[in-house]
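Undergrad: Let me give you the structure first, and then I'll get to my questions.
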Amino acid sequence: MQNGENSYASQVPDIDAYMHDLIVTNPLIELTYRSAIQALRLPAGSQGLDAGCGIGLQALLLAEEIGSGGHVTGLDVSPAFLNRGREIVEKAGLSERISFHEGDVTKLPFDDDTFDWIWSSNCAGYGPFEPFSLLKELARVVKPCGTVAILVWSSQQLLPGYPLLEARLNATTSGIAPFVKGKRPELHFLRALGWYREAGLEEPAAQTFVGDVHAPLGDDIRSALVALFQMRWPGAQSELTQEDWAEYQRLCQPESPDFVLNLPDYYAFFTCSMFHGKVAK
Ligand SMILES: C[S@@+](CC[C@H](N)C(=O)[O-])C[C@H]1O[C@@H](n2cnc3c(N)ncnc32)[C@H](O)[C@@H]1O
């Protein structure tokens, strides 16, 4: 991404709506992200970077994990996201422990060996980046033996009983994003272990974290799932048959009498894949 803000804005036409969706979906995903962060065993009192921090929701979890002696720097290319992040962090009383910095993950505005670890969720693994050099750039700012972790949303099953429709939605451009048809398979984010090896990171590892929900759904989870339907398959209409699109609307529109979240046996799950490795001594 050459000009981060402009390029990102072109992918996310309505930043306010996107920030709203991040907040609304948080109750659904927070526990899963927290489990991933805990699995990293970040040292208490350490200093870390959240690269592509968005509105800082994971920076809060990271700060909680490393405790009051630690510090998290949230970096993002979008001033709008950073400003919202500052508000959220101030409201949480954590402004001393979390700061925000505008910048581009592909050209980090930090010296070599600045941080004890780096975390990037749904950014480093998602952007239109050249992953091998991006991983090297992330590793550059982390001290020897420090952790470089990237987490990506990797799958979901949200429409129980409708596997064909869900498979067709997942086969659309937005369903496979950020991957695109014709891209080299090793550039798919599920091949990130190869990125780690190529970047010279040691002990590369992958872990899967699952979140699940079932009926009866609380209001917050219901709202999160409604937002997720919109976020997961935007623009799918043009790639579906009329019949499939009508079925999608019948199941996924809250005002529909057949709204899938009203099923008394509703059950859904999603996975996040985390890749991590250590900077060489
Ligand atoms: C899908 S959001 C993820 C936000 C947050 N990490 C999360 O998981 O909720 C992607 C974030 O990456 C940021 N981003 C995209 N390209 C970037 C770049 N080149 N440098 C820094 N941040 C970037 C966006 O502004 C956005 O906040």
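Labels for the structure tokens follow display order: chains A, B, ..., residues from 1 in each chain, ligands from 1.
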Distance limit 7 Å, reference ligand 1, atoms considered: only C-alpha atoms and all ligand atoms. Which residues make the cut? Give them as a PyMOL selection string.
TA: chain A and resi 1+4+8+22+51-58+75-78+81+103-106+120-123+127
Undergrad: Go ahead and write the residues just picked, C-alpha atoms, as a tab-separated table (two decimals), in the first residue's frame.
TA:
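Saved as out.tsv:
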```tsv
chain	number	residue	atom	x	y	z
A	1	MET	CA	0.00	0.00	0.00
A	4	GLY	CA	-2.02	4.13	3.25
A	8	TYR	CA	-7.49	2.06	2.79
A	22	LEU	CA	-16.04	-3.14	14.83
A	51	ALA	CA	0.17	-2.93	13.99
A	52	GLY	CA	-3.01	-1.95	12.16
A	53	CYS	CA	-4.70	-1.41	15.52
A	54	GLY	CA	-7.97	-0.02	14.14
A	55	ILE	CA	-9.92	1.57	16.99
A	56	GLY	CA	-7.72	-0.05	19.63
A	57	LEU	CA	-10.03	-2.84	20.82
A	58	GLN	CA	-7.22	-5.41	20.87
A	75	LEU	CA	-0.22	2.01	14.93
A	76	ASP	CA	-2.67	2.61	12.14
A	77	VAL	CA	-2.71	4.39	8.81
A	78	SER	CA	-6.14	5.92	9.49
A	81	PHE	CA	-9.51	5.07	13.57
A	103	GLY	CA	1.99	5.14	10.27
A	104	ASP	CA	2.21	2.47	7.64
A	105	VAL	CA	2.92	-1.17	8.53
A	106	THR	CA	5.04	-1.56	5.43
A	120	SER	CA	-1.25	-7.50	14.07
A	121	SER	CA	-4.83	-8.70	13.79
A	122	ASN	CA	-6.64	-8.60	10.48
A	123	CYS	CA	-4.08	-6.22	9.03
A	127	GLY	CA	-3.81	-6.13	3.39
```
Undergrad: Against segment 182-199 of chain A, which residues of segment 52-132 of chain A fall within 9 Å? For each one I want the closest pair of atoms and the distance in Å (one decimal), counting only C-alpha atoms, rows by chain and increasing residue number, as JSON lines.
TA:
```
{"residue": "A:Gly125", "atom": "CA", "partner": "A:Phe189", "partner_atom": "CA", "distance": 5.7}
{"residue": "A:Tyr126", "atom": "CA", "partner": "A:Phe189", "partner_atom": "CA", "distance": 7.3}
{"residue": "A:Glu130", "atom": "CA", "partner": "A:Leu187", "partner_atom": "CA", "distance": 8.1}
{"residue": "A:Pro131", "atom": "CA", "partner": "A:Trp195", "partner_atom": "CA", "distance": 6.3}
{"residue": "A:Phe132", "atom": "CA", "partner": "A:Trp195", "partner_atom": "CA", "distance": 5.2}
```
Undergrad: Could you pull out all residues of segment 24-267 of chain A with a DSSP call of strand (DSSP E or B) and give them as an MDAnalysis selection string?
TA: chainID A and resid 47:51 71:76 98:102 104 107 115:121 142:157 202:214 267
Undergrad: Those residues with C-alpha atoms, as a PDB file, in the first residue's frame please?
TA:
```pdb
ATOM      1  CA  GLN A  47       6.445  -3.014  25.473  1.00  0.00           C
ATOM      2  CA  GLY A  48       4.607  -4.021  22.325  1.00  0.00           C
ATOM      3  CA  LEU A  49       3.214  -2.773  19.041  1.00  0.00           C
ATOM      4  CA  ASP A  50      -0.317  -3.411  17.744  1.00  0.00           C
ATOM      5  CA  ALA A  51       0.171  -2.931  13.988  1.00  0.00           C
ATOM      6  CA  HIS A  71       2.969  -0.340  27.287  1.00  0.00           C
ATOM      7  CA  VAL A  72       1.174  -0.881  23.981  1.00  0.00           C
ATOM      8  CA  THR A  73       1.655   1.365  20.959  1.00  0.00           C
ATOM      9  CA  GLY A  74      -1.212   1.170  18.505  1.00  0.00           C
ATOM     10  CA  LEU A  75      -0.222   2.009  14.933  1.00  0.00           C
ATOM     11  CA  ASP A  76      -2.666   2.607  12.137  1.00  0.00           C
ATOM     12  CA  ILE A  98      -1.679   2.689  25.462  1.00  0.00           C
ATOM     13  CA  SER A  99      -0.593   5.325  22.972  1.00  0.00           C
ATOM     14  CA  PHE A 100      -1.393   5.701  19.294  1.00  0.00           C
ATOM     15  CA  HIS A 101       0.817   6.497  16.352  1.00  0.00           C
ATOM     16  CA  GLU A 102      -0.045   7.174  12.729  1.00  0.00           C
ATOM     17  CA  ASP A 104       2.205   2.472   7.638  1.00  0.00           C
ATOM     18  CA  LYS A 107       7.376   1.231   6.575  1.00  0.00           C
ATOM     19  CA  PHE A 115       9.565  -3.494  20.916  1.00  0.00           C
ATOM     20  CA  ASP A 116       9.465  -6.743  22.870  1.00  0.00           C
ATOM     21  CA  TRP A 117       6.717  -8.085  20.614  1.00  0.00           C
ATOM     22  CA  ILE A 118       4.393  -7.148  17.776  1.00  0.00           C
ATOM     23  CA  TRP A 119       0.768  -8.128  17.209  1.00  0.00           C
ATOM     24  CA  SER A 120      -1.250  -7.502  14.069  1.00  0.00           C
ATOM     25  CA  SER A 121      -4.830  -8.696  13.791  1.00  0.00           C
ATOM     26  CA  VAL A 142      11.201  -6.315  17.504  1.00  0.00           C
ATOM     27  CA  LYS A 143      14.115  -7.193  19.790  1.00  0.00           C
ATOM     28  CA  PRO A 144      15.932 -10.535  19.411  1.00  0.00           C
ATOM     29  CA  CYS A 145      13.823 -13.432  20.781  1.00  0.00           C
ATOM     30  CA  GLY A 146      10.700 -11.234  20.720  1.00  0.00           C
ATOM     31  CA  THR A 147       7.411 -12.511  19.282  1.00  0.00           C
ATOM     32  CA  VAL A 148       5.890 -11.509  15.953  1.00  0.00           C
ATOM     33  CA  ALA A 149       2.206 -12.552  15.875  1.00  0.00           C
ATOM     34  CA  ILE A 150      -0.383 -12.078  13.176  1.00  0.00           C
ATOM     35  CA  LEU A 151      -3.988 -13.120  13.546  1.00  0.00           C
ATOM     36  CA  VAL A 152      -6.504 -13.484  10.752  1.00  0.00           C
ATOM     37  CA  TRP A 153     -10.210 -14.241  10.693  1.00  0.00           C
ATOM     38  CA  SER A 154     -10.076 -17.566   8.860  1.00  0.00           C
ATOM     39  CA  SER A 155     -13.567 -19.101   8.582  1.00  0.00           C
ATOM     40  CA  GLN A 156     -17.137 -19.099   9.788  1.00  0.00           C
ATOM     41  CA  GLN A 157     -20.298 -21.165   9.736  1.00  0.00           C
ATOM     42  CA  GLU A 202      12.365 -18.827  14.309  1.00  0.00           C
ATOM     43  CA  GLU A 203       9.960 -21.401  15.743  1.00  0.00           C
ATOM     44  CA  PRO A 204       7.109 -20.521  13.359  1.00  0.00           C
ATOM     45  CA  ALA A 205       3.817 -21.887  14.636  1.00  0.00           C
ATOM     46  CA  ALA A 206       0.108 -21.738  13.827  1.00  0.00           C
ATOM     47  CA  GLN A 207      -2.838 -22.008  16.196  1.00  0.00           C
ATOM     48  CA  THR A 208      -6.592 -21.923  15.660  1.00  0.00           C
ATOM     49  CA  PHE A 209      -8.999 -20.188  18.005  1.00  0.00           C
ATOM     50  CA  VAL A 210     -12.704 -20.900  17.821  1.00  0.00           C
ATOM     51  CA  GLY A 211     -15.628 -18.794  18.911  1.00  0.00           C
ATOM     52  CA  ASP A 212     -19.137 -20.184  19.044  1.00  0.00           C
ATOM     53  CA  VAL A 213     -22.634 -19.063  19.947  1.00  0.00           C
ATOM     54  CA  HIS A 214     -26.010 -20.725  20.196  1.00  0.00           C
ATOM     55  CA  TYR A 267     -25.698 -22.391  16.407  1.00  0.00           C
TER      56      TYR A 267
END
```
Undergrad: Hey, what's within 7 Å of Thr25 of chain A if we count only C-alpha atoms and toss same-chain stuff fewer than 3 positions away? As a VMD selection string, please?
TA: chain A and resid 21 to 22 28 to 29 224 227 to 228
Undergrad: What are the DSSP alpha helix (DSSP H) residues of segment 150-254 of chain A, as a ChimeraX atom specification?
TA: /A:163-170,173-176,192-198,219-232,242-252
Undergrad: May I have the residues from that selection written out with N, CA and C atoms, as a tab-separated table (two decimals), in the first residue's frame?
TA:
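Below is the file result-v4.tsv, written as the result:
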```tsv
chain	number	residue	atom	x	y	z
A	163	PRO	N	-25.93	-25.22	4.07
A	163	PRO	CA	-24.52	-25.32	3.70
A	163	PRO	C	-24.24	-24.89	2.27
A	164	LEU	N	-25.18	-25.14	1.35
A	164	LEU	CA	-24.90	-24.76	-0.04
A	164	LEU	C	-24.89	-23.25	-0.20
A	165	LEU	N	-25.88	-22.59	0.40
A	165	LEU	CA	-25.91	-21.13	0.30
A	165	LEU	C	-24.65	-20.54	0.94
A	166	GLU	N	-24.28	-21.05	2.10
A	166	GLU	CA	-23.11	-20.50	2.78
A	166	GLU	C	-21.83	-20.77	1.97
A	167	ALA	N	-21.76	-21.95	1.36
A	167	ALA	CA	-20.58	-22.26	0.52
A	167	ALA	C	-20.53	-21.30	-0.67
A	168	ARG	N	-21.69	-20.99	-1.25
A	168	ARG	CA	-21.70	-20.07	-2.41
A	168	ARG	C	-21.32	-18.66	-1.98
A	169	LEU	N	-21.80	-18.23	-0.81
A	169	LEU	CA	-21.41	-16.91	-0.30
A	169	LEU	C	-19.89	-16.87	-0.08
A	170	ASN	N	-19.38	-17.97	0.47
A	170	ASN	CA	-17.94	-18.00	0.76
A	170	ASN	C	-17.09	-18.11	-0.50
A	173	THR	N	-16.18	-13.07	-4.28
A	173	THR	CA	-14.96	-12.26	-4.11
A	173	THR	C	-14.78	-11.84	-2.66
A	174	SER	N	-15.87	-11.37	-2.03
A	174	SER	CA	-15.72	-10.93	-0.63
A	174	SER	C	-15.54	-12.14	0.28
A	175	GLY	N	-16.11	-13.28	-0.11
A	175	GLY	CA	-15.96	-14.48	0.71
A	175	GLY	C	-14.51	-14.97	0.79
A	176	ILE	N	-13.75	-14.80	-0.29
A	176	ILE	CA	-12.35	-15.27	-0.26
A	176	ILE	C	-11.37	-14.14	0.04
A	192	ALA	N	0.85	-18.57	5.87
A	192	ALA	CA	1.75	-17.62	6.54
A	192	ALA	C	2.96	-18.28	7.21
A	193	LEU	N	2.89	-19.58	7.49
A	193	LEU	CA	4.09	-20.23	8.06
A	193	LEU	C	5.27	-20.07	7.12
A	194	GLY	N	4.98	-20.12	5.81
A	194	GLY	CA	6.04	-19.93	4.80
A	194	GLY	C	6.57	-18.49	4.84
A	195	TRP	N	5.69	-17.53	5.11
A	195	TRP	CA	6.13	-16.13	5.21
A	195	TRP	C	7.12	-16.00	6.37
A	196	TYR	N	6.79	-16.68	7.49
A	196	TYR	CA	7.65	-16.60	8.67
A	196	TYR	C	9.03	-17.19	8.36
A	197	ARG	N	9.02	-18.34	7.69
A	197	ARG	CA	10.31	-18.98	7.37
A	197	ARG	C	11.13	-18.09	6.44
A	198	GLU	N	10.46	-17.56	5.42
A	198	GLU	CA	11.12	-16.70	4.44
A	198	GLU	C	11.71	-15.45	5.11
A	219	ASP	N	-28.99	-9.94	23.28
A	219	ASP	CA	-29.14	-8.84	22.32
A	219	ASP	C	-27.81	-8.42	21.70
A	220	ASP	N	-26.73	-8.43	22.52
A	220	ASP	CA	-25.43	-7.97	21.99
A	220	ASP	C	-24.90	-8.95	20.94
A	221	ILE	N	-25.06	-10.24	21.18
A	221	ILE	CA	-24.57	-11.24	20.21
A	221	ILE	C	-25.42	-11.22	18.94
A	222	ARG	N	-26.70	-11.01	19.14
A	222	ARG	CA	-27.60	-10.90	17.98
A	222	ARG	C	-27.19	-9.72	17.10
A	223	SER	N	-26.97	-8.57	17.71
A	223	SER	CA	-26.55	-7.39	16.93
A	223	SER	C	-25.21	-7.65	16.24
A	224	ALA	N	-24.31	-8.35	16.97
A	224	ALA	CA	-22.98	-8.65	16.40
A	224	ALA	C	-23.13	-9.53	15.16
A	225	LEU	N	-24.00	-10.52	15.23
A	225	LEU	CA	-24.17	-11.42	14.09
A	225	LEU	C	-24.82	-10.70	12.90
A	226	VAL	N	-25.76	-9.80	13.19
A	226	VAL	CA	-26.38	-9.03	12.11
A	226	VAL	C	-25.29	-8.21	11.39
A	227	ALA	N	-24.43	-7.57	12.18
A	227	ALA	CA	-23.34	-6.78	11.57
A	227	ALA	C	-22.38	-7.68	10.80
A	228	LEU	N	-22.13	-8.86	11.36
A	228	LEU	CA	-21.20	-9.78	10.71
A	228	LEU	C	-21.72	-10.26	9.35
A	229	PHE	N	-23.03	-10.49	9.26
A	229	PHE	CA	-23.59	-10.88	7.96
A	229	PHE	C	-23.25	-9.82	6.90
A	230	GLN	N	-23.38	-8.56	7.32
A	230	GLN	CA	-23.10	-7.46	6.37
A	230	GLN	C	-21.61	-7.37	6.04
A	231	MET	N	-20.79	-7.55	7.09
A	231	MET	CA	-19.34	-7.37	6.91
A	231	MET	C	-18.71	-8.50	6.11
A	232	ARG	N	-19.29	-9.70	6.26
A	232	ARG	CA	-18.60	-10.88	5.72
A	232	ARG	C	-18.77	-11.04	4.21
A	242	GLN	N	-30.23	-15.18	-8.63
A	242	GLN	CA	-31.35	-14.47	-7.98
A	242	GLN	C	-31.95	-15.30	-6.86
A	243	GLU	N	-32.00	-16.60	-7.12
A	243	GLU	CA	-32.58	-17.53	-6.13
A	243	GLU	C	-31.76	-17.53	-4.84
A	244	ASP	N	-30.42	-17.60	-5.00
A	244	ASP	CA	-29.55	-17.61	-3.81
A	244	ASP	C	-29.62	-16.28	-3.07
A	245	TRP	N	-29.68	-15.18	-3.83
A	245	TRP	CA	-29.74	-13.86	-3.19
A	245	TRP	C	-31.04	-13.72	-2.39
A	246	ALA	N	-32.14	-14.21	-2.98
A	246	ALA	CA	-33.44	-14.16	-2.26
A	246	ALA	C	-33.36	-15.01	-0.99
A	247	GLU	N	-32.71	-16.14	-1.09
A	247	GLU	CA	-32.55	-17.02	0.09
A	247	GLU	C	-31.70	-16.33	1.16
A	248	TYR	N	-30.63	-15.67	0.71
A	248	TYR	CA	-29.77	-14.94	1.66
A	248	TYR	C	-30.58	-13.88	2.40
A	249	GLN	N	-31.38	-13.12	1.64
A	249	GLN	CA	-32.18	-12.07	2.27
A	249	GLN	C	-33.24	-12.65	3.20
A	250	ARG	N	-33.84	-13.73	2.80
A	250	ARG	CA	-34.87	-14.38	3.63
A	250	ARG	C	-34.26	-14.80	4.98
A	251	LEU	N	-33.02	-15.27	4.94
A	251	LEU	CA	-32.39	-15.79	6.16
A	251	LEU	C	-31.67	-14.74	6.97
A	252	CYS	N	-31.13	-13.72	6.30
A	252	CYS	CA	-30.19	-12.81	6.99
A	252	CYS	C	-30.74	-11.42	7.26
```
Undergrad: Which one of A:Ile88, A:Lys181, A:Leu42, A:Ala124 sits closest to Leu60 of chain A if you count only C-alpha atoms?
TA: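 The shortest atom-to-atom distance to Leu60 of chain A comes from A:Ile88.
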Undergrad: Can you tell me how far atom CA of Val180 of chain A sits from atom CA of Pro234 of chain A, in Å to one decimal?
TA: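 One can read the atom CA of Val180 of chain A to atom CA of Pro234 of chain A distance as 14.9 Å.
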